[in-house]
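Trainee: Here you go, one structure.
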Amino acid sequence: MSDVLKRRFVDQIKVLFGNEPSKPTEITPAAQKIHFYKKGNRDLIAENLHARAHAVHSNKWRNRRWATLIFANLLFTLSFALDIQILEGALTASRFVGFHLIDVNSALQVMLAHKHIITNLLIGTGTVLVLWVLLGGRTFCSWVCPYHLVAEWAEKIHLYLAKKKLVTDQTIDRRLRTVFWIVFALLAFATGYTVYEAISPTGILSRALIYGPGLALLWVAALLVFEIFFSRRAWCRYACPIGLTYGVVGIFSPVRIKYKLDGCFHEGDCRKVCLVPHVLDTVIKGRAVDTEVPIGPDCTRCGLCVDTCPTGSLSFEVKGLSKLA
């Protein structure tokens with residue numbers, strides 16, 4: 001990795017914790033050459049408009065993600081309903097054919113509440129930790145978390161209402177997520193209870209799917225109403241401590257989305273569909289520091305940008321191996 005990319009990587013970690021993306025101060029000569037070529041090139045602008053008009057939109061990665069998320073959560077439900085003991089428990093803590101699996105954020109909350117390291121929790125957490133280090137921590141958010149799916153559907157209502165000019169999207173300071181993480185950690189330590197688990201829409205929905213609905217679903221409904229009428233995807237973007245935890249877990253993940261500068265027309269469609277558009281700051285004209293730039297650890301690897309990009313400038317890849325189909 002070049003020094004320029006290393007510095008960019010550090011900046012991406014700062015963005016994970018809530019910093020706003022900034023214009024790069026250093027750009028490699030190869031990237032500068034491409035930026036200069038694109039600047040004011042009328043033929044390129046015409047080609048951009050033509051490619052965008054004739055692009056065939058794909059839902060390949062979205063469909064794969066929805067199928068995986070629904071299957072994972074239904075497996076919990078069916079295992080309990082049919083008593084087949086394949087995947088027992090819920091997303092916060094479970095057992096898969098005898099192997100204990102503990103959510104990393106939940107394990108941290110429990111150990112803070114008990115004020116000591118619990119060996120059994122470490123064993124169950126270790127398996128999950130390795131999995132999300134390999135796949136990219138926030139992959140959990142878009143490929144497993146049930147709240148992500150219902151919020152994604154609610155987002156479609158928000159976008160429809162916004163198109164009709166009935167609602168507007170109120171942005172919130174992203175540093176609030178880091179503040180929430182600290183607050184819930186301190187509450188667990190001070191009270192001896194895992195306070196966050198009581199209000200986590202991820203845990204509430206997971207338990208409701210498995211054991212049946214309860215009054216806690218009213219909280220989930222309130223969050224969705226807030227996101228539809230006031231702030232698009234507010235919980236996942238600005239509040240969820242789980243997202244921050246798994247973002248940190250996936251900092252060095254080999255599975256990532258990579259951006260290629262040369263083919264990009266900077267039309268911005270990818271940023272419009274992205275849950276966390278700040279991670280795609282590098283696609284803005286003049287922002288890419290190199291000809292190929294990996295997207296930062298706050299990326300959920302949902303694949304919406306890959307499906308949307310008309311030129312294939314964004315793609316999944318495994319670091320050191322070929323890109324994923």
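Residues are named by chain letter and number: chains run A, B, ... in the order of the structure tokens, numbers start at 1 in each chain, and ligands are numbered from 1 in the order shown.
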Can you pull out every residue from range 125-307 of chain A that DSSP, working from the backbone, puts in strand (DSSP E), and format the result as a list in words?

Mentor: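 For range 125-307 of chain A, the strand (DSSP E) set is Val255, Arg256, Ile257, Lys258, Tyr259, Lys260, Glu292, Val293 and Pro294 of chain A.
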
Trainee: Go ahead and write the residues just picked, N, CA and C atoms, as a compact mmCIF listing (two decimals), in the first residue's frame.

Mentor:
# COMPACT_ATOMS: atom_id res chain seq x y z
N VAL A 255 -12.39 -8.67 2.60
CA VAL A 255 -13.56 -8.49 1.72
C VAL A 255 -13.96 -7.03 1.74
N ARG A 256 -14.00 -6.41 0.58
CA ARG A 256 -14.27 -4.98 0.53
C ARG A 256 -14.84 -4.61 -0.83
N ILE A 257 -15.30 -3.38 -0.93
CA ILE A 257 -15.69 -2.82 -2.21
C ILE A 257 -14.57 -1.89 -2.67
N LYS A 258 -14.17 -2.04 -3.92
CA LYS A 258 -13.07 -1.25 -4.46
C LYS A 258 -13.57 -0.32 -5.55
N TYR A 259 -13.02 0.87 -5.54
CA TYR A 259 -13.38 1.90 -6.52
C TYR A 259 -12.25 2.08 -7.53
N LYS A 260 -12.61 2.06 -8.82
CA LYS A 260 -11.64 2.30 -9.90
C LYS A 260 -11.94 3.65 -10.54
N GLU A 292 -7.04 3.23 -7.87
CA GLU A 292 -7.89 2.24 -7.22
C GLU A 292 -7.89 2.51 -5.72
N VAL A 293 -9.08 2.64 -5.14
CA VAL A 293 -9.19 2.99 -3.72
C VAL A 293 -10.20 2.05 -3.05
N PRO A 294 -9.80 1.32 -2.00
CA PRO A 294 -10.77 0.51 -1.25
C PRO A 294 -11.68 1.40 -0.42

Trainee: Excluding range 147-150 of chain A and residues on its chain fewer than 6 positions from it, collect all residues at most 9 Å away from it, counting only C-alpha atoms, and give them as a PyMOL selection string.

Mentor: chain A and resi 66+69-70+141+201-206+220+224+233+236

Trainee: Please build the interface table for range 93-199 of chain A against range 299-310 of chain A with a cut-off of 7 Å, listing for each qualifying residue the nearest atom pair and the distance in Å to one decimal; count only C-alpha atoms, order rows by chain and increasing number, and write it as CSV.

Mentor:
residue,atom,partner,partner_atom,distance
A:Arg138,CA,A:Thr300,CA,4.6
A:Thr139,CA,A:Thr300,CA,4.9
A:Cys141,CA,A:Thr300,CA,6.3
A:Ser142,CA,A:Cys302,CA,5.5

Trainee: Using backbone DSSP assignments, extract all alpha helix (DSSP H) residues from range 95-204 of chain A; output them as an mmCIF file with N, CA, C and O atoms, in the first residue's frame.

Mentor:
data_model
loop_
_atom_site.group_PDB
_atom_site.id
_atom_site.type_symbol
_atom_site.label_atom_id
_atom_site.label_comp_id
_atom_site.auth_asym_id
_atom_site.auth_seq_id
_atom_site.Cartn_x
_atom_site.Cartn_y
_atom_site.Cartn_z
ATOM 1 N N VAL A 104 -20.649 -9.668 19.252
ATOM 2 C CA VAL A 104 -19.500 -8.965 19.828
ATOM 3 C C VAL A 104 -19.946 -7.801 20.700
ATOM 4 O O VAL A 104 -19.462 -7.621 21.823
ATOM 5 N N ASN A 105 -20.883 -6.997 20.214
ATOM 6 C CA ASN A 105 -21.344 -5.849 20.993
ATOM 7 C C ASN A 105 -22.051 -6.293 22.268
ATOM 8 O O ASN A 105 -21.856 -5.708 23.341
ATOM 9 N N SER A 106 -22.853 -7.352 22.166
ATOM 10 C CA SER A 106 -23.556 -7.881 23.347
ATOM 11 C C SER A 106 -22.567 -8.398 24.383
ATOM 12 O O SER A 106 -22.740 -8.179 25.594
ATOM 13 N N ALA A 107 -21.527 -9.083 23.918
ATOM 14 C CA ALA A 107 -20.507 -9.611 24.832
ATOM 15 C C ALA A 107 -19.801 -8.484 25.581
ATOM 16 O O ALA A 107 -19.554 -8.578 26.792
ATOM 17 N N LEU A 108 -19.494 -7.397 24.870
ATOM 18 C CA LEU A 108 -18.857 -6.247 25.511
ATOM 19 C C LEU A 108 -19.774 -5.651 26.580
ATOM 20 O O LEU A 108 -19.329 -5.310 27.688
ATOM 21 N N GLN A 109 -21.068 -5.535 26.256
ATOM 22 C CA GLN A 109 -22.029 -4.991 27.207
ATOM 23 C C GLN A 109 -22.128 -5.858 28.463
ATOM 24 O O GLN A 109 -22.141 -5.345 29.590
ATOM 25 N N VAL A 110 -22.176 -7.175 28.278
ATOM 26 C CA VAL A 110 -22.298 -8.098 29.409
ATOM 27 C C VAL A 110 -21.061 -8.028 30.297
ATOM 28 O O VAL A 110 -21.167 -7.983 31.539
ATOM 29 N N MET A 111 -19.881 -8.021 29.686
ATOM 30 C CA MET A 111 -18.655 -7.986 30.487
ATOM 31 C C MET A 111 -18.497 -6.655 31.213
ATOM 32 O O MET A 111 -17.988 -6.603 32.336
ATOM 33 N N LEU A 112 -18.955 -5.565 30.599
ATOM 34 C CA LEU A 112 -18.932 -4.275 31.290
ATOM 35 C C LEU A 112 -19.915 -4.280 32.465
ATOM 36 O O LEU A 112 -19.618 -3.747 33.535
ATOM 37 N N ALA A 113 -21.073 -4.895 32.260
ATOM 38 C CA ALA A 113 -22.077 -4.966 33.325
ATOM 39 C C ALA A 113 -21.577 -5.817 34.503
ATOM 40 O O ALA A 113 -21.796 -5.476 35.664
ATOM 41 N N HIS A 114 -20.872 -6.923 34.187
ATOM 42 C CA HIS A 114 -20.361 -7.810 35.237
ATOM 43 C C HIS A 114 -19.011 -7.359 35.782
ATOM 44 O O HIS A 114 -18.512 -7.917 36.755
ATOM 45 N N THR A 119 -15.009 -15.990 30.646
ATOM 46 C CA THR A 119 -14.326 -16.914 29.735
ATOM 47 C C THR A 119 -15.275 -17.527 28.717
ATOM 48 O O THR A 119 -14.969 -17.602 27.522
ATOM 49 N N ASN A 120 -16.443 -17.980 29.182
ATOM 50 C CA ASN A 120 -17.400 -18.613 28.254
ATOM 51 C C ASN A 120 -17.844 -17.649 27.157
ATOM 52 O O ASN A 120 -18.065 -18.065 26.008
ATOM 53 N N LEU A 121 -17.976 -16.373 27.515
ATOM 54 C CA LEU A 121 -18.353 -15.382 26.514
ATOM 55 C C LEU A 121 -17.246 -15.196 25.487
ATOM 56 O O LEU A 121 -17.506 -15.044 24.294
ATOM 57 N N LEU A 122 -16.006 -15.215 25.938
ATOM 58 C CA LEU A 122 -14.883 -15.042 25.026
ATOM 59 C C LEU A 122 -14.838 -16.155 23.984
ATOM 60 O O LEU A 122 -14.544 -15.915 22.816
ATOM 61 N N ILE A 123 -15.136 -17.379 24.425
ATOM 62 C CA ILE A 123 -15.113 -18.512 23.492
ATOM 63 C C ILE A 123 -16.177 -18.338 22.409
ATOM 64 O O ILE A 123 -15.912 -18.502 21.219
ATOM 65 N N GLY A 124 -17.403 -17.986 22.819
ATOM 66 C CA GLY A 124 -18.482 -17.798 21.853
ATOM 67 C C GLY A 124 -18.276 -16.592 20.966
ATOM 68 O O GLY A 124 -18.615 -16.600 19.782
ATOM 69 N N THR A 125 -17.669 -15.551 21.550
ATOM 70 C CA THR A 125 -17.433 -14.336 20.783
ATOM 71 C C THR A 125 -16.314 -14.526 19.768
ATOM 72 O O THR A 125 -16.336 -13.932 18.686
ATOM 73 N N GLY A 126 -15.340 -15.360 20.114
ATOM 74 C CA GLY A 126 -14.185 -15.564 19.242
ATOM 75 C C GLY A 126 -14.559 -16.036 17.848
ATOM 76 O O GLY A 126 -14.032 -15.537 16.845
ATOM 77 N N THR A 127 -15.494 -16.976 17.770
ATOM 78 C CA THR A 127 -15.933 -17.494 16.470
ATOM 79 C C THR A 127 -16.571 -16.399 15.632
ATOM 80 O O THR A 127 -16.276 -16.246 14.442
ATOM 81 N N VAL A 128 -17.462 -15.622 16.267
ATOM 82 C CA VAL A 128 -18.140 -14.533 15.572
ATOM 83 C C VAL A 128 -17.139 -13.458 15.162
ATOM 84 O O VAL A 128 -17.210 -12.910 14.051
ATOM 85 N N LEU A 129 -16.194 -13.174 16.045
ATOM 86 C CA LEU A 129 -15.193 -12.151 15.766
ATOM 87 C C LEU A 129 -14.368 -12.495 14.532
ATOM 88 O O LEU A 129 -14.175 -11.658 13.638
ATOM 89 N N VAL A 130 -13.917 -13.736 14.456
ATOM 90 C CA VAL A 130 -13.139 -14.178 13.296
ATOM 91 C C VAL A 130 -13.955 -14.068 12.016
ATOM 92 O O VAL A 130 -13.478 -13.609 10.979
ATOM 93 N N LEU A 131 -15.229 -14.485 12.094
ATOM 94 C CA LEU A 131 -16.112 -14.442 10.924
ATOM 95 C C LEU A 131 -16.221 -13.021 10.379
ATOM 96 O O LEU A 131 -16.045 -12.790 9.174
ATOM 97 N N TRP A 132 -16.492 -12.048 11.264
ATOM 98 C CA TRP A 132 -16.719 -10.685 10.797
ATOM 99 C C TRP A 132 -15.427 -9.940 10.496
ATOM 100 O O TRP A 132 -15.435 -8.975 9.728
ATOM 101 N N VAL A 133 -14.307 -10.387 11.072
ATOM 102 C CA VAL A 133 -13.014 -9.832 10.657
ATOM 103 C C VAL A 133 -12.747 -10.209 9.201
ATOM 104 O O VAL A 133 -12.268 -9.406 8.403
ATOM 105 N N LEU A 134 -13.088 -11.440 8.847
ATOM 106 C CA LEU A 134 -12.862 -11.920 7.480
ATOM 107 C C LEU A 134 -13.827 -11.283 6.477
ATOM 108 O O LEU A 134 -13.437 -10.891 5.375
ATOM 109 N N LEU A 135 -15.100 -11.176 6.860
ATOM 110 C CA LEU A 135 -16.118 -10.695 5.922
ATOM 111 C C LEU A 135 -16.280 -9.180 5.924
ATOM 112 O O LEU A 135 -16.861 -8.618 4.999
ATOM 113 N N THR A 139 -20.718 -5.903 7.448
ATOM 114 C CA THR A 139 -21.483 -6.836 6.624
ATOM 115 C C THR A 139 -22.632 -7.406 7.444
ATOM 116 O O THR A 139 -23.708 -7.713 6.911
ATOM 117 N N PHE A 140 -22.430 -7.544 8.762
ATOM 118 C CA PHE A 140 -23.496 -8.002 9.651
ATOM 119 C C PHE A 140 -24.731 -7.130 9.491
ATOM 120 O O PHE A 140 -25.861 -7.629 9.456
ATOM 121 N N CYS A 141 -24.517 -5.810 9.396
ATOM 122 C CA CYS A 141 -25.638 -4.873 9.355
ATOM 123 C C CYS A 141 -26.545 -5.127 8.158
ATOM 124 O O CYS A 141 -27.774 -5.160 8.295
ATOM 125 N N SER A 142 -25.965 -5.274 6.985
ATOM 126 C CA SER A 142 -26.783 -5.370 5.773
ATOM 127 C C SER A 142 -27.138 -6.800 5.371
ATOM 128 O O SER A 142 -28.100 -7.010 4.640
ATOM 129 N N TRP A 143 -26.377 -7.788 5.859
ATOM 130 C CA TRP A 143 -26.597 -9.170 5.435
ATOM 131 C C TRP A 143 -27.263 -10.048 6.502
ATOM 132 O O TRP A 143 -27.707 -11.156 6.197
ATOM 133 N N PRO A 146 -32.001 -7.948 11.100
ATOM 134 C CA PRO A 146 -33.394 -7.839 10.609
ATOM 135 C C PRO A 146 -33.893 -6.398 10.566
ATOM 136 O O PRO A 146 -34.724 -6.058 9.725
ATOM 137 N N TYR A 147 -33.378 -5.538 11.465
ATOM 138 C CA TYR A 147 -33.825 -4.143 11.422
ATOM 139 C C TYR A 147 -33.363 -3.464 10.145
ATOM 140 O O TYR A 147 -34.072 -2.608 9.602
ATOM 141 N N HIS A 148 -32.205 -3.833 9.653
ATOM 142 C CA HIS A 148 -31.702 -3.244 8.407
ATOM 143 C C HIS A 148 -32.691 -3.466 7.270
ATOM 144 O O HIS A 148 -32.942 -2.555 6.469
ATOM 145 N N LEU A 149 -33.268 -4.651 7.210
ATOM 146 C CA LEU A 149 -34.192 -4.967 6.113
ATOM 147 C C LEU A 149 -35.481 -4.159 6.215
ATOM 148 O O LEU A 149 -35.927 -3.566 5.222
ATOM 149 N N VAL A 150 -36.078 -4.110 7.408
ATOM 150 C CA VAL A 150 -37.339 -3.364 7.531
ATOM 151 C C VAL A 150 -37.093 -1.863 7.367
ATOM 152 O O VAL A 150 -37.934 -1.137 6.824
ATOM 153 N N ALA A 151 -35.913 -1.388 7.808
ATOM 154 C CA ALA A 151 -35.573 0.032 7.618
ATOM 155 C C ALA A 151 -35.336 0.336 6.142
ATOM 156 O O ALA A 151 -35.640 1.439 5.668
ATOM 157 N N GLU A 152 -34.813 -0.633 5.415
ATOM 158 C CA GLU A 152 -34.598 -0.464 3.975
ATOM 159 C C GLU A 152 -35.940 -0.343 3.253
ATOM 160 O O GLU A 152 -36.087 0.465 2.326
ATOM 161 N N TRP A 153 -36.912 -1.130 3.678
ATOM 162 C CA TRP A 153 -38.253 -1.033 3.089
ATOM 163 C C TRP A 153 -38.914 0.287 3.487
ATOM 164 O O TRP A 153 -39.586 0.929 2.672
ATOM 165 N N ALA A 154 -38.723 0.706 4.738
ATOM 166 C CA ALA A 154 -39.278 1.991 5.189
ATOM 167 C C ALA A 154 -38.633 3.147 4.432
ATOM 168 O O ALA A 154 -39.297 4.163 4.155
ATOM 169 N N GLU A 155 -37.373 2.979 4.083
ATOM 170 C CA GLU A 155 -36.671 4.015 3.332
ATOM 171 C C GLU A 155 -37.339 4.269 1.981
ATOM 172 O O GLU A 155 -37.371 5.400 1.492
ATOM 173 N N LYS A 156 -37.882 3.231 1.376
ATOM 174 C CA LYS A 156 -38.565 3.384 0.091
ATOM 175 C C LYS A 156 -39.792 4.291 0.252
ATOM 176 O O LYS A 156 -40.110 5.089 -0.640
ATOM 177 N N ILE A 157 -40.474 4.170 1.394
ATOM 178 C CA ILE A 157 -41.624 5.049 1.661
ATOM 179 C C ILE A 157 -41.131 6.486 1.826
ATOM 180 O O ILE A 157 -41.725 7.424 1.296
ATOM 181 N N HIS A 158 -40.030 6.642 2.572
ATOM 182 C CA HIS A 158 -39.459 7.981 2.770
ATOM 183 C C HIS A 158 -39.091 8.626 1.432
ATOM 184 O O HIS A 158 -39.403 9.803 1.197
ATOM 185 N N LEU A 159 -38.450 7.872 0.559
ATOM 186 C CA LEU A 159 -38.021 8.401 -0.737
ATOM 187 C C LEU A 159 -39.227 8.774 -1.607
ATOM 188 O O LEU A 159 -39.184 9.771 -2.341
ATOM 189 N N TYR A 160 -40.286 7.984 -1.521
ATOM 190 C CA TYR A 160 -41.509 8.297 -2.271
ATOM 191 C C TYR A 160 -42.112 9.605 -1.765
ATOM 192 O O TYR A 160 -42.491 10.483 -2.560
ATOM 193 N N LEU A 161 -42.185 9.754 -0.433
ATOM 194 C CA LEU A 161 -42.748 10.968 0.150
ATOM 195 C C LEU A 161 -41.859 12.181 -0.146
ATOM 196 O O LEU A 161 -42.366 13.291 -0.379
ATOM 197 N N ALA A 162 -40.538 11.953 -0.132
ATOM 198 C CA ALA A 162 -39.606 13.041 -0.434
ATOM 199 C C ALA A 162 -39.757 13.500 -1.883
ATOM 200 O O ALA A 162 -39.684 14.694 -2.186
ATOM 201 N N LYS A 163 -39.978 12.531 -2.786
ATOM 202 C CA LYS A 163 -40.190 12.861 -4.194
ATOM 203 C C LYS A 163 -41.436 13.706 -4.378
ATOM 204 O O LYS A 163 -41.485 14.602 -5.245
ATOM 205 N N ARG A 175 -21.192 11.896 14.675
ATOM 206 C CA ARG A 175 -20.433 11.632 15.894
ATOM 207 C C ARG A 175 -21.338 11.173 17.031
ATOM 208 O O ARG A 175 -20.858 10.622 18.039
ATOM 209 N N LEU A 176 -22.647 11.380 16.866
ATOM 210 C CA LEU A 176 -23.606 10.961 17.887
ATOM 211 C C LEU A 176 -23.536 9.457 18.118
ATOM 212 O O LEU A 176 -23.741 8.982 19.243
ATOM 213 N N ARG A 177 -23.231 8.686 17.069
ATOM 214 C CA ARG A 177 -23.134 7.221 17.213
ATOM 215 C C ARG A 177 -22.024 6.838 18.185
ATOM 216 O O ARG A 177 -22.199 5.939 19.018
ATOM 217 N N THR A 178 -20.893 7.509 18.089
ATOM 218 C CA THR A 178 -19.792 7.254 19.010
ATOM 219 C C THR A 178 -20.182 7.643 20.432
ATOM 220 O O THR A 178 -19.857 6.935 21.400
ATOM 221 N N VAL A 179 -20.908 8.769 20.562
ATOM 222 C CA VAL A 179 -21.380 9.196 21.878
ATOM 223 C C VAL A 179 -22.319 8.153 22.479
ATOM 224 O O VAL A 179 -22.200 7.791 23.662
ATOM 225 N N PHE A 180 -23.252 7.627 21.661
ATOM 226 C CA PHE A 180 -24.169 6.589 22.133
ATOM 227 C C PHE A 180 -23.409 5.341 22.583
ATOM 228 O O PHE A 180 -23.750 4.718 23.590
ATOM 229 N N TRP A 181 -22.381 4.960 21.815
ATOM 230 C CA TRP A 181 -21.598 3.773 22.184
ATOM 231 C C TRP A 181 -20.994 3.958 23.564
ATOM 232 O O TRP A 181 -21.056 3.056 24.421
ATOM 233 N N ILE A 182 -20.427 5.122 23.829
ATOM 234 C CA ILE A 182 -19.802 5.404 25.124
ATOM 235 C C ILE A 182 -20.850 5.447 26.232
ATOM 236 O O ILE A 182 -20.657 4.883 27.322
ATOM 237 N N VAL A 183 -21.988 6.090 25.948
ATOM 238 C CA VAL A 183 -23.053 6.206 26.948
ATOM 239 C C VAL A 183 -23.566 4.836 27.360
ATOM 240 O O VAL A 183 -23.711 4.540 28.565
ATOM 241 N N PHE A 184 -23.841 3.965 26.395
ATOM 242 C CA PHE A 184 -24.366 2.635 26.728
ATOM 243 C C PHE A 184 -23.320 1.774 27.438
ATOM 244 O O PHE A 184 -23.663 0.958 28.299
ATOM 245 N N ALA A 185 -22.051 1.964 27.093
ATOM 246 C CA ALA A 185 -20.981 1.249 27.784
ATOM 247 C C ALA A 185 -20.910 1.696 29.249
ATOM 248 O O ALA A 185 -20.797 0.866 30.165
ATOM 249 N N LEU A 186 -21.006 2.999 29.476
ATOM 250 C CA LEU A 186 -20.965 3.525 30.837
ATOM 251 C C LEU A 186 -22.192 3.092 31.635
ATOM 252 O O LEU A 186 -22.096 2.782 32.832
ATOM 253 N N LEU A 187 -23.361 3.062 30.974
ATOM 254 C CA LEU A 187 -24.582 2.621 31.658
ATOM 255 C C LEU A 187 -24.475 1.158 32.089
ATOM 256 O O LEU A 187 -24.883 0.799 33.201
ATOM 257 N N ALA A 188 -23.923 0.325 31.217
ATOM 258 C CA ALA A 188 -23.745 -1.091 31.570
ATOM 259 C C ALA A 188 -22.808 -1.231 32.754
ATOM 260 O O ALA A 188 -23.066 -2.008 33.697
ATOM 261 N N PHE A 189 -21.727 -0.473 32.728
ATOM 262 C CA PHE A 189 -20.740 -0.547 33.813
ATOM 263 C C PHE A 189 -21.317 -0.021 35.126
ATOM 264 O O PHE A 189 -21.097 -0.593 36.195
ATOM 265 N N ALA A 190 -22.087 1.066 35.052
ATOM 266 C CA ALA A 190 -22.592 1.720 36.262
ATOM 267 C C ALA A 190 -23.786 0.994 36.875
ATOM 268 O O ALA A 190 -23.931 0.938 38.102
ATOM 269 N N THR A 191 -24.646 0.435 36.036
ATOM 270 C CA THR A 191 -25.889 -0.162 36.548
ATOM 271 C C THR A 191 -25.815 -1.674 36.733
ATOM 272 O O THR A 191 -26.619 -2.240 37.479
ATOM 273 N N VAL A 195 -28.211 -2.254 29.362
ATOM 274 C CA VAL A 195 -29.303 -1.331 29.042
ATOM 275 C C VAL A 195 -29.583 -1.296 27.547
ATOM 276 O O VAL A 195 -30.743 -1.292 27.116
ATOM 277 N N TYR A 196 -28.515 -1.303 26.757
ATOM 278 C CA TYR A 196 -28.708 -1.202 25.311
ATOM 279 C C TYR A 196 -29.525 -2.364 24.763
ATOM 280 O O TYR A 196 -30.340 -2.184 23.847
ATOM 281 N N GLU A 197 -29.321 -3.554 25.295
ATOM 282 C CA GLU A 197 -30.030 -4.724 24.768
ATOM 283 C C GLU A 197 -31.536 -4.588 24.905
ATOM 284 O O GLU A 197 -32.297 -5.190 24.143
ATOM 285 N N ALA A 198 -31.982 -3.783 25.868
ATOM 286 C CA ALA A 198 -33.422 -3.596 26.068
ATOM 287 C C ALA A 198 -34.054 -2.756 24.973
ATOM 288 O O ALA A 198 -35.258 -2.872 24.711
ATOM 289 N N ILE A 199 -33.244 -1.916 24.310
ATOM 290 C CA ILE A 199 -33.811 -1.039 23.276
ATOM 291 C C ILE A 199 -33.245 -1.322 21.884
ATOM 292 O O ILE A 199 -33.627 -0.654 20.924
ATOM 293 N N PRO A 201 -33.132 -2.454 18.408
ATOM 294 C CA PRO A 201 -34.125 -2.973 17.456
ATOM 295 C C PRO A 201 -33.673 -4.278 16.819
ATOM 296 O O PRO A 201 -34.511 -5.094 16.423
ATOM 297 N N THR A 202 -32.372 -4.496 16.733
ATOM 298 C CA THR A 202 -31.852 -5.763 16.202
ATOM 299 C C THR A 202 -32.288 -6.911 17.091
ATOM 300 O O THR A 202 -32.843 -7.916 16.621
ATOM 301 N N GLY A 203 -32.037 -6.784 18.391
ATOM 302 C CA GLY A 203 -32.412 -7.837 19.330
ATOM 303 C C GLY A 203 -33.913 -7.985 19.469
ATOM 304 O O GLY A 203 -34.435 -9.104 19.546
ATOM 305 N N ILE A 204 -34.630 -6.851 19.498
ATOM 306 C CA ILE A 204 -36.090 -6.894 19.648
ATOM 307 C C ILE A 204 -36.730 -7.643 18.484
ATOM 308 O O ILE A 204 -37.589 -8.519 18.677
#

Trainee: I'd like the neighbourhood of Ala288 in chain A as a CSV table (one decimal) with C-alpha atoms, in the first residue's frame, where a residue qualifies if any of its atoms comes within 9 Å (using only C-alpha atoms), though same-chain residues fewer than 2 positions away should be ignored.

Mentor:
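What follows is the written file out-v3.csv:
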chain,number,residue,atom,x,y,z
A,24,PRO,CA,-7.3,14.9,0.0
A,27,ILE,CA,-3.0,12.5,-4.8
A,31,ALA,CA,-4.6,9.6,-10.3
A,32,GLN,CA,-3.8,13.3,-11.0
A,35,HIS,CA,-8.4,13.8,-13.0
A,259,TYR,CA,-13.4,1.9,-6.5
A,260,LYS,CA,-11.6,2.3,-9.9
A,261,LEU,CA,-11.2,5.9,-10.9
A,281,ASP,CA,-16.7,10.4,-0.7
A,282,THR,CA,-13.8,9.2,-2.9
A,283,VAL,CA,-16.1,8.9,-6.0
A,284,ILE,CA,-16.7,12.7,-6.0
A,285,LYS,CA,-14.8,14.3,-8.9
A,286,GLY,CA,-11.2,15.1,-7.9
A,290,ASP,CA,-5.2,6.8,-6.4
A,291,THR,CA,-6.5,5.0,-9.5
A,292,GLU,CA,-7.9,2.2,-7.2
A,293,VAL,CA,-9.2,3.0,-3.7

Trainee: What is the CA of Lys319 in chain A to CA of Lys60 in chain A distance in Å?

Mentor: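 So the two atoms, CA of Lys319 in chain A and CA of Lys60 in chain A, lie 21.4 Å apart.
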
Trainee: What's the separation between CA of Ser322 in chain A and CA of Cys274 in chain A, in Å to one decimal place?

Mentor: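 Distance between the two atoms: 23.8 Å.
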
Trainee: Between CA of Pro277 in chain A and CA of Asp298 in chain A, what distance in Å does the model show, to one decimal?

Mentor: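 Calculated distance between CA of Pro277 in chain A and CA of Asp298 in chain A is 9.8 Å.
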
Trainee: Got a sec: who's within 7 Å of range 75-88 of chain A, counting only C-alpha atoms, leaving out chain neighbours fewer than 3 positions off, as number ranges by chain?

Mentor: A: 71-72, 94-97, 209-210

Trainee: Would you output that residue set with N, CA and C atoms, as a compact mmCIF listing (two decimals), in the first residue's frame?

Mentor:
# COMPACT_ATOMS: atom_id res chain seq x y z
N PHE A 71 -33.03 -15.84 5.13
CA PHE A 71 -32.71 -17.24 5.47
C PHE A 71 -32.13 -17.35 6.87
N ALA A 72 -31.17 -16.48 7.21
CA ALA A 72 -30.52 -16.53 8.51
C ALA A 72 -31.51 -16.34 9.64
N SER A 94 -26.39 -17.24 20.52
CA SER A 94 -27.00 -18.41 19.90
C SER A 94 -26.04 -19.60 19.95
N ARG A 95 -26.55 -20.72 19.45
CA ARG A 95 -25.73 -21.94 19.34
C ARG A 95 -26.06 -22.61 18.02
N PHE A 96 -25.05 -22.75 17.18
CA PHE A 96 -25.22 -23.36 15.86
C PHE A 96 -24.63 -24.77 15.89
N VAL A 97 -25.52 -25.78 15.80
CA VAL A 97 -25.16 -27.20 15.90
C VAL A 97 -24.09 -27.44 16.97
N LEU A 209 -39.31 -12.42 16.09
CA LEU A 209 -39.46 -13.40 15.02
C LEU A 209 -39.43 -14.82 15.56
N ILE A 210 -38.64 -15.04 16.60
CA ILE A 210 -38.45 -16.40 17.13
C ILE A 210 -39.53 -16.76 18.16

Trainee: Of the candidates A:Pro21, A:Glu317, A:Val289, A:Gly212, which one gets nearest to Asp3 in chain A if we count only C-alpha atoms?

Mentor: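 Once distances to Asp3 in chain A are computed over only C-alpha atoms, the minimum belongs to A:Val289.
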